[in-house]
>>> print(open('final.tsv').read())   # TSV, C-alpha atoms
chain	number	residue	atom	x	y	z
A	1	MET	CA	-12.47	7.76	4.84
A	2	LYS	CA	-12.52	4.45	6.57
A	3	ALA	CA	-13.41	1.03	5.26
A	4	ALA	CA	-13.63	-2.19	7.24
A	5	VAL	CA	-13.30	-5.62	5.66
A	6	VAL	CA	-14.84	-8.53	7.53
A	7	VAL	CA	-12.77	-11.71	7.77
A	8	PHE	CA	-14.46	-15.04	8.40
A	9	PRO	CA	-12.73	-18.39	8.67
A	10	GLY	CA	-12.67	-19.39	4.99
A	11	SER	CA	-12.74	-15.88	3.50
A	12	ASN	CA	-10.27	-15.70	0.62
A	13	CYS	CA	-10.96	-12.38	-1.12
A	14	ASP	CA	-10.57	-10.24	1.99
A	15	ARG	CA	-7.11	-8.94	1.13
A	16	ASP	CA	-8.04	-8.30	-2.52
A	17	LEU	CA	-11.00	-6.27	-1.31
A	18	ALA	CA	-8.78	-4.36	1.13
A	19	VAL	CA	-6.37	-3.47	-1.70
A	20	ALA	CA	-9.25	-2.27	-3.89
A	21	PHE	CA	-10.48	-0.03	-1.06
A	22	GLU	CA	-6.94	1.28	-0.54
A	23	ARG	CA	-6.58	2.06	-4.24
A	24	ALA	CA	-9.78	4.06	-3.98
A	25	GLY	CA	-8.33	6.07	-1.09
A	26	PHE	CA	-9.74	4.38	1.99
A	27	ASP	CA	-7.95	3.57	5.22
A	28	VAL	CA	-8.78	-0.08	5.66
A	29	SER	CA	-9.04	-2.14	8.81
A	30	MET	CA	-9.72	-5.84	8.90
A	31	VAL	CA	-12.31	-7.07	11.40
A	32	TRP	CA	-12.54	-10.63	12.68
A	33	HIS	CA	-15.78	-12.58	12.71
A	34	LYS	CA	-15.72	-12.81	16.51
A	35	ASP	CA	-15.48	-9.05	16.96
A	36	ASN	CA	-18.66	-7.54	18.36
A	37	GLU	CA	-18.33	-4.15	16.79
A	38	LEU	CA	-16.94	-2.30	13.81
A	39	PRO	CA	-14.09	0.19	14.32
A	40	ALA	CA	-15.36	3.67	15.20
A	41	GLY	CA	-16.09	5.95	12.26
A	42	VAL	CA	-16.26	3.30	9.56
A	43	ASP	CA	-17.85	4.69	6.39
A	44	ILE	CA	-18.23	1.42	4.52
A	45	VAL	CA	-18.09	-2.26	5.36
A	46	GLY	CA	-16.93	-4.84	2.85
A	47	VAL	CA	-18.06	-8.44	3.17
A	48	PRO	CA	-15.63	-10.42	1.02
A	49	GLY	CA	-15.79	-13.51	-1.13
A	50	GLY	CA	-14.64	-16.94	-0.09
A	51	PHE	CA	-16.11	-19.93	1.64
A	52	SER	CA	-17.02	-18.67	5.11
A	53	TYR	CA	-17.34	-21.56	7.56
A	54	GLY	CA	-16.73	-23.98	4.71
A	55	ASP	CA	-20.12	-23.15	3.13
A	56	TYR	CA	-21.63	-25.50	5.71
A	57	LEU	CA	-25.43	-25.68	5.91
A	58	ARG	CA	-25.88	-23.01	3.19
A	59	CYS	CA	-23.38	-20.54	1.75
A	60	GLY	CA	-23.22	-17.60	4.15
A	61	ALA	CA	-25.73	-19.03	6.65
A	62	ILE	CA	-23.33	-19.54	9.55
A	63	ALA	CA	-21.46	-16.30	8.86
A	64	ALA	CA	-24.75	-14.41	8.96
A	65	GLN	CA	-25.12	-15.45	12.61
A	66	SER	CA	-21.59	-14.42	13.65
A	67	PRO	CA	-21.06	-11.58	16.16
A	68	ILE	CA	-19.59	-9.20	13.57
A	69	CYS	CA	-22.57	-9.68	11.27
A	70	LYS	CA	-24.88	-8.33	13.95
A	71	ALA	CA	-22.71	-5.19	13.86
A	72	VAL	CA	-22.83	-5.11	10.05
A	73	VAL	CA	-26.63	-5.39	10.10
A	74	ASP	CA	-26.80	-2.55	12.66
A	75	HIS	CA	-24.47	-0.45	10.49
A	76	ALA	CA	-26.65	-1.03	7.42
A	77	SER	CA	-29.87	-0.35	9.31
A	78	ARG	CA	-28.40	2.97	10.49
A	79	GLY	CA	-27.94	3.90	6.82
A	80	GLY	CA	-24.28	2.91	6.59
A	81	TYR	CA	-22.69	1.84	3.31
A	82	ALA	CA	-21.84	-1.80	2.70
A	83	ILE	CA	-20.79	-3.99	-0.18
A	84	GLY	CA	-21.00	-7.78	-0.23
A	85	ILE	CA	-19.18	-9.57	-3.01
A	86	CYS	CA	-19.72	-13.23	-3.92
A	87	ASN	CA	-19.84	-15.05	-0.57
A	88	GLY	CA	-20.38	-11.59	0.94
A	89	PHE	CA	-23.54	-11.23	-1.17
A	90	GLN	CA	-24.70	-14.64	0.08
A	91	VAL	CA	-24.03	-13.51	3.66
A	92	LEU	CA	-26.02	-10.28	3.20
A	93	THR	CA	-29.02	-12.16	1.79
A	94	GLU	CA	-28.84	-14.61	4.70
A	95	THR	CA	-28.91	-11.71	7.19
A	96	GLY	CA	-31.94	-10.27	5.42
A	97	VAL	CA	-30.15	-6.98	4.63
A	98	LEU	CA	-30.71	-7.80	0.95
A	99	PRO	CA	-33.69	-9.76	-0.43
A	100	GLY	CA	-33.60	-13.11	-2.20
A	101	ALA	CA	-31.11	-15.97	-2.03
A	102	LEU	CA	-28.32	-17.54	-4.07
A	103	LEU	CA	-28.97	-21.07	-5.31
A	104	ARG	CA	-26.68	-23.66	-6.84
A	105	ASN	CA	-25.72	-22.67	-10.42
A	106	ALA	CA	-28.29	-23.98	-12.90
A	107	GLY	CA	-25.56	-25.94	-14.72
A	108	LEU	CA	-24.32	-27.36	-11.38
A	109	LYS	CA	-20.73	-26.42	-12.19
A	110	TYR	CA	-18.41	-24.06	-10.40
A	111	ILE	CA	-17.78	-21.25	-12.88
A	112	CYS	CA	-14.57	-19.24	-12.87
A	113	ARG	CA	-14.18	-16.83	-15.78
A	114	THR	CA	-14.58	-13.21	-16.81
A	115	VAL	CA	-18.09	-12.22	-17.85
A	116	ASP	CA	-19.72	-9.12	-19.29
A	117	LEU	CA	-21.97	-7.15	-16.97
A	118	LYS	CA	-24.41	-4.45	-17.96
A	119	ILE	CA	-24.76	-1.43	-15.70
A	120	THR	CA	-28.49	-1.43	-15.06
A	121	THR	CA	-28.66	1.68	-12.89
A	122	THR	CA	-26.24	4.53	-12.28
A	123	ASP	CA	-28.31	5.75	-9.34
A	124	SER	CA	-26.05	4.48	-6.55
A	125	VAL	CA	-22.65	5.36	-5.13
A	126	PHE	CA	-21.36	2.06	-6.47
A	127	THR	CA	-22.46	2.53	-10.07
A	128	GLN	CA	-22.48	6.28	-10.61
A	129	GLY	CA	-18.97	6.11	-12.03
A	130	TYR	CA	-20.32	4.20	-15.03
A	131	GLY	CA	-22.67	5.18	-17.84
A	132	ALA	CA	-26.14	3.65	-18.01
A	133	GLY	CA	-26.02	0.57	-20.21
A	134	ASP	CA	-22.20	0.37	-20.12
A	135	VAL	CA	-20.84	-3.15	-20.38
A	136	ILE	CA	-17.89	-4.03	-18.15
A	137	ALA	CA	-15.76	-7.18	-17.92
A	138	VAL	CA	-15.53	-8.60	-14.39
A	139	PRO	CA	-14.55	-12.08	-13.17
A	140	ILE	CA	-16.98	-14.47	-11.54
A	141	ALA	CA	-15.96	-17.45	-9.41
A	142	HIS	CA	-18.83	-19.25	-7.77
A	143	HIS	CA	-20.81	-22.46	-7.43
A	144	ASP	CA	-23.88	-20.90	-5.85
A	145	GLY	CA	-24.50	-17.66	-7.72
A	146	ASN	CA	-27.93	-18.36	-9.14
A	147	TYR	CA	-29.93	-15.41	-7.81
A	148	TYR	CA	-33.46	-16.26	-6.82
A	149	ALA	CA	-36.29	-14.19	-5.43
A	150	ASP	CA	-40.03	-14.61	-5.78
A	151	ALA	CA	-41.75	-12.84	-8.67
A	152	GLU	CA	-43.10	-10.09	-6.43
A	153	THR	CA	-39.63	-9.28	-5.08
A	154	VAL	CA	-38.06	-9.26	-8.55
A	155	THR	CA	-40.77	-6.89	-9.80
A	156	GLN	CA	-40.17	-4.66	-6.79
A	157	LEU	CA	-36.40	-4.63	-7.42
A	158	GLN	CA	-36.98	-3.68	-11.04
A	159	ASP	CA	-39.68	-1.08	-10.30
A	160	GLN	CA	-37.46	0.56	-7.68
A	161	ASP	CA	-34.46	0.52	-10.05
A	162	ARG	CA	-32.49	-1.60	-7.57
A	163	VAL	CA	-30.91	-4.05	-10.02
A	164	ALA	CA	-27.34	-2.72	-10.22
A	165	PHE	CA	-25.84	-5.19	-12.70
A	166	THR	CA	-27.19	-7.84	-15.05
A	167	TYR	CA	-25.31	-10.56	-16.92
A	168	VAL	CA	-25.09	-9.99	-20.67
A	169	ASP	CA	-24.92	-13.77	-21.14
A	170	ASN	CA	-26.43	-15.38	-18.03
A	171	PRO	CA	-23.89	-17.95	-16.78
A	172	ASN	CA	-25.70	-19.40	-13.76
A	173	GLY	CA	-29.47	-19.25	-14.22
A	174	SER	CA	-30.02	-16.11	-12.14
A	175	ILE	CA	-33.57	-14.86	-12.36
A	176	ALA	CA	-33.91	-11.86	-14.71
A	177	ASP	CA	-30.14	-12.12	-15.37
A	178	ILE	CA	-29.53	-10.38	-12.03
A	179	ALA	CA	-25.85	-10.15	-11.01
A	180	GLY	CA	-26.11	-7.49	-8.30
A	181	ILE	CA	-28.78	-5.65	-6.33
A	182	LEU	CA	-29.13	-2.62	-4.08
A	183	SER	CA	-30.89	-2.22	-0.75
A	184	GLU	CA	-33.96	-0.04	-0.59
A	185	ASN	CA	-31.90	2.98	0.55
A	186	ARG	CA	-29.38	2.19	-2.26
A	187	ARG	CA	-26.46	2.12	0.19
A	188	VAL	CA	-25.89	-1.62	0.31
A	189	LEU	CA	-24.76	-3.47	-2.80
A	190	GLY	CA	-24.60	-7.24	-3.15
A	191	MET	CA	-23.09	-8.78	-6.26
A	192	MET	CA	-21.74	-12.17	-7.29
A	193	PRO	CA	-19.02	-10.91	-9.71
A	194	HIS	CA	-15.72	-9.68	-8.28
A	195	PRO	CA	-15.00	-5.99	-9.06
A	196	GLU	CA	-11.99	-6.17	-6.70
A	197	ARG	CA	-10.44	-8.65	-9.13
A	198	ALA	CA	-10.69	-6.10	-11.94
A	199	ALA	CA	-9.17	-3.15	-10.11
A	200	ASP	CA	-5.53	-3.19	-11.23
A	201	GLU	CA	-3.76	-3.40	-14.60
A	202	GLY	CA	-2.11	-6.54	-13.28
A	203	HIS	CA	-5.54	-8.17	-13.09
A	204	GLY	CA	-5.91	-7.78	-16.83
A	205	GLY	CA	-8.47	-4.99	-16.51
A	206	THR	CA	-9.70	-2.19	-14.29
A	207	ASP	CA	-13.41	-2.22	-15.11
A	208	GLY	CA	-14.28	-2.89	-11.47
A	209	LEU	CA	-12.37	-0.01	-9.93
A	210	ALA	CA	-15.17	2.53	-10.41
A	211	VAL	CA	-17.32	0.58	-7.94
A	212	PHE	CA	-14.89	1.68	-5.22
A	213	ARG	CA	-13.77	5.02	-6.68
A	214	ALA	CA	-17.17	6.63	-6.98
A	215	LEU	CA	-17.81	5.78	-3.39
A	216	THR	CA	-14.72	7.67	-2.29
A	217	ASP	CA	-15.98	10.85	-3.94
A	218	ILE	CA	-19.38	10.61	-2.29
A	219	VAL	CA	-18.09	9.76	1.15
A	220	ALA	CA	-15.44	12.48	0.91
A	221	THR	CA	-18.02	15.17	0.15
A	222	ALA	CA	-20.67	13.89	2.55
B	1	MET	CA	-34.83	-36.60	23.09
B	2	LYS	CA	-34.32	-36.24	19.38
B	3	ALA	CA	-35.80	-34.35	16.49
B	4	ARG	CA	-35.39	-34.80	12.77
B	5	VAL	CA	-35.67	-31.80	10.47
B	6	HIS	CA	-36.27	-32.20	6.75
B	7	VAL	CA	-35.29	-29.21	4.62
B	8	MET	CA	-36.40	-29.07	0.97
B	9	LEU	CA	-36.29	-26.41	-1.71
B	10	LYS	CA	-39.77	-24.93	-2.01
B	11	ASN	CA	-42.01	-26.05	-4.82
B	12	GLY	CA	-41.39	-23.79	-7.76
B	13	VAL	CA	-37.71	-23.25	-6.90
B	14	LEU	CA	-35.60	-25.02	-9.51
B	15	ASP	CA	-33.57	-27.88	-8.00
B	16	PRO	CA	-30.73	-28.49	-10.46
B	17	GLN	CA	-29.24	-31.25	-8.29
B	18	GLY	CA	-32.54	-33.11	-8.25
B	19	GLU	CA	-32.74	-32.69	-12.04
B	20	ALA	CA	-29.21	-34.09	-12.44
B	21	ILE	CA	-30.18	-37.13	-10.36
B	22	ARG	CA	-33.32	-37.62	-12.46
B	23	HIS	CA	-31.24	-37.51	-15.66
B	24	ALA	CA	-28.74	-40.00	-14.25
B	25	LEU	CA	-31.51	-42.39	-13.19
B	26	GLY	CA	-33.03	-42.11	-16.67
B	27	ALA	CA	-29.66	-42.84	-18.28
B	28	MET	CA	-29.32	-45.94	-16.06
B	29	GLY	CA	-32.59	-47.30	-17.36
B	30	PHE	CA	-34.86	-46.31	-14.45
B	31	ASP	CA	-37.58	-45.04	-16.73
B	32	LYS	CA	-40.37	-44.75	-14.17
B	33	VAL	CA	-39.02	-41.62	-12.44
B	34	ASN	CA	-40.99	-38.48	-13.21
B	35	GLY	CA	-39.20	-36.12	-10.88
B	36	VAL	CA	-36.50	-35.88	-8.21
B	37	ARG	CA	-36.14	-33.28	-5.46
B	38	GLN	CA	-33.09	-33.36	-3.22
B	39	GLY	CA	-33.13	-32.07	0.34
B	40	LYS	CA	-31.35	-32.29	3.66
B	41	VAL	CA	-31.99	-34.19	6.86
B	42	ILE	CA	-30.72	-32.68	10.10
B	43	ASP	CA	-30.87	-34.78	13.27
B	44	LEU	CA	-30.88	-32.91	16.56
B	45	THR	CA	-30.18	-34.41	19.96
B	46	LEU	CA	-32.05	-32.25	22.43
B	47	ALA	CA	-32.40	-31.64	26.14
B	48	ASP	CA	-35.38	-33.41	27.68
B	49	ASP	CA	-37.34	-30.23	28.12
B	50	ALA	CA	-36.95	-29.08	24.50
B	51	SER	CA	-40.17	-28.59	22.58
B	52	GLU	CA	-41.18	-28.64	18.95
B	53	ALA	CA	-41.58	-24.86	19.24
B	54	ASP	CA	-37.85	-24.62	20.04
B	55	VAL	CA	-37.03	-26.59	16.89
B	56	THR	CA	-39.37	-24.43	14.83
B	57	ASP	CA	-37.48	-21.38	16.09
B	58	MET	CA	-34.17	-23.02	15.06
B	59	CYS	CA	-35.57	-23.75	11.60
B	60	GLU	CA	-36.81	-20.20	11.11
B	61	LYS	CA	-33.56	-18.61	12.27
B	62	LEU	CA	-30.89	-20.93	10.89
B	63	LEU	CA	-31.67	-24.46	9.70
B	64	ALA	CA	-33.79	-23.38	6.73
B	65	ASN	CA	-33.71	-20.28	4.56
B	66	THR	CA	-37.42	-19.73	4.19
B	67	VAL	CA	-36.89	-17.55	1.10
B	68	ILE	CA	-36.10	-20.72	-0.83
B	69	GLU	CA	-36.65	-23.67	1.51
B	70	SER	CA	-39.48	-25.33	3.38
B	71	TYR	CA	-38.99	-27.56	6.42
B	72	SER	CA	-40.80	-30.19	8.41
B	73	ILE	CA	-40.07	-31.42	11.91
B	74	GLU	CA	-40.40	-34.91	13.35
B	75	MET	CA	-40.07	-35.22	17.11
B	76	LEU	CA	-38.57	-38.66	17.70
>>> encode(input="final.tsv", output="structure tokens")
Amino acid sequence: MKAAVVVFPGSNCDRDLAVAFERAGFDVSMVWHKDNELPAGVDIVGVPGGFSYGDYLRCGAIAAQSPICKAVVDHASRGGYAIGICNGFQVLTETGVLPGALLRNAGLKYICRTVDLKITTTDSVFTQGYGAGDVIAVPIAHHDGNYYADAETVTQLQDQDRVAFTYVDNPNGSIADIAGILSENRRVLGMMPHPERAADEGHGGTDGLAVFRALTDIVATA
Amino acid sequence: MKARVHVMLKNGVLDPQGEAIRHALGAMGFDKVNGVRQGKVIDLTLADDASEADVTDMCEKLLANTVIESYSIEML
């Protein structure tokens, strides 16, 4: 099983994400933003957190136009698996792979702490390792994590059971407490919280590990 | 040739920065401000044969995120 982690100038969670994939049993390769294609046979692409291109213009906007992102979009449109965490979520919304956008936090402050997330659906490779309604503790670290989509899109996400995680105590003003969403084919997950920072006892908790583990089982048996 | 692009959050999208500015103005005694919206101005220096349609294309593809932002273009 192969995972690729995209590295932009300004990414800072790329190695954490690589370690989480490795723990889950993936061979991981790092791909540079100027690369035009993903390594052959990649099962899942990870778009990591950080501050790609200094968050210039809008968070994720410049990264979304980079050569590697064209390859990531192609991978996703072919039905490939992908996960975007924090800045990676912002990048995936900017590419249009996931709907909506991430606005400045309602309280205007950068928030860096561990929050409780509710598992809203178990119907995805990323969340099937949890029980429906389970509450997990996962760190957040963002300034622009306030999920926004128009009412029609939010209703569609809810009706199609595509909200993966919600905040138990909404920290940033996200509409409908949304912390993470799935693509229509349920193979792309975008989330603001950092499961890769809750994937080792040394992190203070391993509640995030199942996001990567369950995926290994599915990909292995596919 | 130059163009100026104004990018604003769409009406109905909460602008917490604008709200913070409004609160600060109120606290300073400017009591005639009913609302503040903050946006961006992007100045482009263009080739002579560039058209407004080119700038519109730039806005749609990069300069604005039309999920949350609206834009207007001034050809200068």
>>> residues_around(input="final.tsv", residues="Cys59 of chain B", least_positions_apart="6", cutoff="9 Å", atoms="all atoms listed in the file", output="list in words")
Val5, Val7, Asn65, Thr66, Tyr71, Ser72 and Ile73 of chain B
>>> residues_around(input="final.tsv", residues="Asn11 of chain B", least_positions_apart="6", cutoff="9 Å", atoms="all atoms listed in the file", output="list in words")
Ile68, Glu69 and Ser70 of chain B
>>> closest_atom_pairs(input="final.tsv", of="chain A", to="chain B", cutoff="7 Å", atoms="all atoms listed in the file", output="JSON lines")
{"residue": "A:Ala61", "atom": "CA", "partner": "B:Leu62", "partner_atom": "CA", "distance": 6.9}
{"residue": "A:Gly100", "atom": "CA", "partner": "B:Val67", "partner_atom": "CA", "distance": 6.4}
{"residue": "A:Ala101", "atom": "CA", "partner": "B:Val67", "partner_atom": "CA", "distance": 6.8}
{"residue": "A:Ala106", "atom": "CA", "partner": "B:Pro16", "partner_atom": "CA", "distance": 5.7}
{"residue": "A:Leu108", "atom": "CA", "partner": "B:Pro16", "partner_atom": "CA", "distance": 6.6}
>>> residues_around(input="final.tsv", residues="segment 131-136 of chain A", least_positions_apart="5", cutoff="7 Å", atoms="only C-alpha atoms", output="PyMOL selection string")
chain A and resi 116-122+207
>>> write_last_selection(input="final.tsv", atoms="C-alpha atoms", output="compact mmCIF listing (two decimals), keeping the file's coordinate frame")
# COMPACT_ATOMS: atom_id res chain seq x y z
CA ASP A 116 -19.72 -9.12 -19.29
CA LEU A 117 -21.97 -7.15 -16.97
CA LYS A 118 -24.41 -4.45 -17.96
CA ILE A 119 -24.76 -1.43 -15.70
CA THR A 120 -28.49 -1.43 -15.06
CA THR A 121 -28.66 1.68 -12.89
CA THR A 122 -26.24 4.53 -12.28
CA ASP A 207 -13.41 -2.22 -15.11
>>> atom_distance(input="final.tsv", atom1="atom CA of Trp32 of chain A", atom2="atom CA of Cys69 of chain A")
10.2 Å
>>> atom_distance(input="final.tsv", atom1="atom CA of Val188 of chain A", atom2="atom CA of Ile68 of chain A")
16.5 Å
>>> closest_residue(input="final.tsv", among="A:Leu182, A:Leu38, A:Leu209, A:Val28", to="His75 of chain A", atoms="all atoms listed in the file")
A:Leu38
>>> residues_around(input="final.tsv", residues="Asp74 of chain A", least_positions_apart="6", cutoff="12 Å", atoms="all atoms listed in the file", output="compact mmCIF listing (two decimals) with C-alpha atoms, in the frame of the given file")
# COMPACT_ATOMS: atom_id res chain seq x y z
CA ASN A 36 -18.66 -7.54 18.36
CA GLU A 37 -18.33 -4.15 16.79
CA LEU A 38 -16.94 -2.30 13.81
CA VAL A 45 -18.09 -2.26 5.36
CA PRO A 67 -21.06 -11.58 16.16
CA ILE A 68 -19.59 -9.20 13.57
CA GLY A 80 -24.28 2.91 6.59
CA TYR A 81 -22.69 1.84 3.31
CA ALA A 82 -21.84 -1.80 2.70
CA THR A 95 -28.91 -11.71 7.19
CA GLY A 96 -31.94 -10.27 5.42
CA VAL A 97 -30.15 -6.98 4.63
>>> atom_distance(input="final.tsv", atom1="atom CA of Gly190 of chain A", atom2="atom CA of Met1 of chain A")
20.9 Å
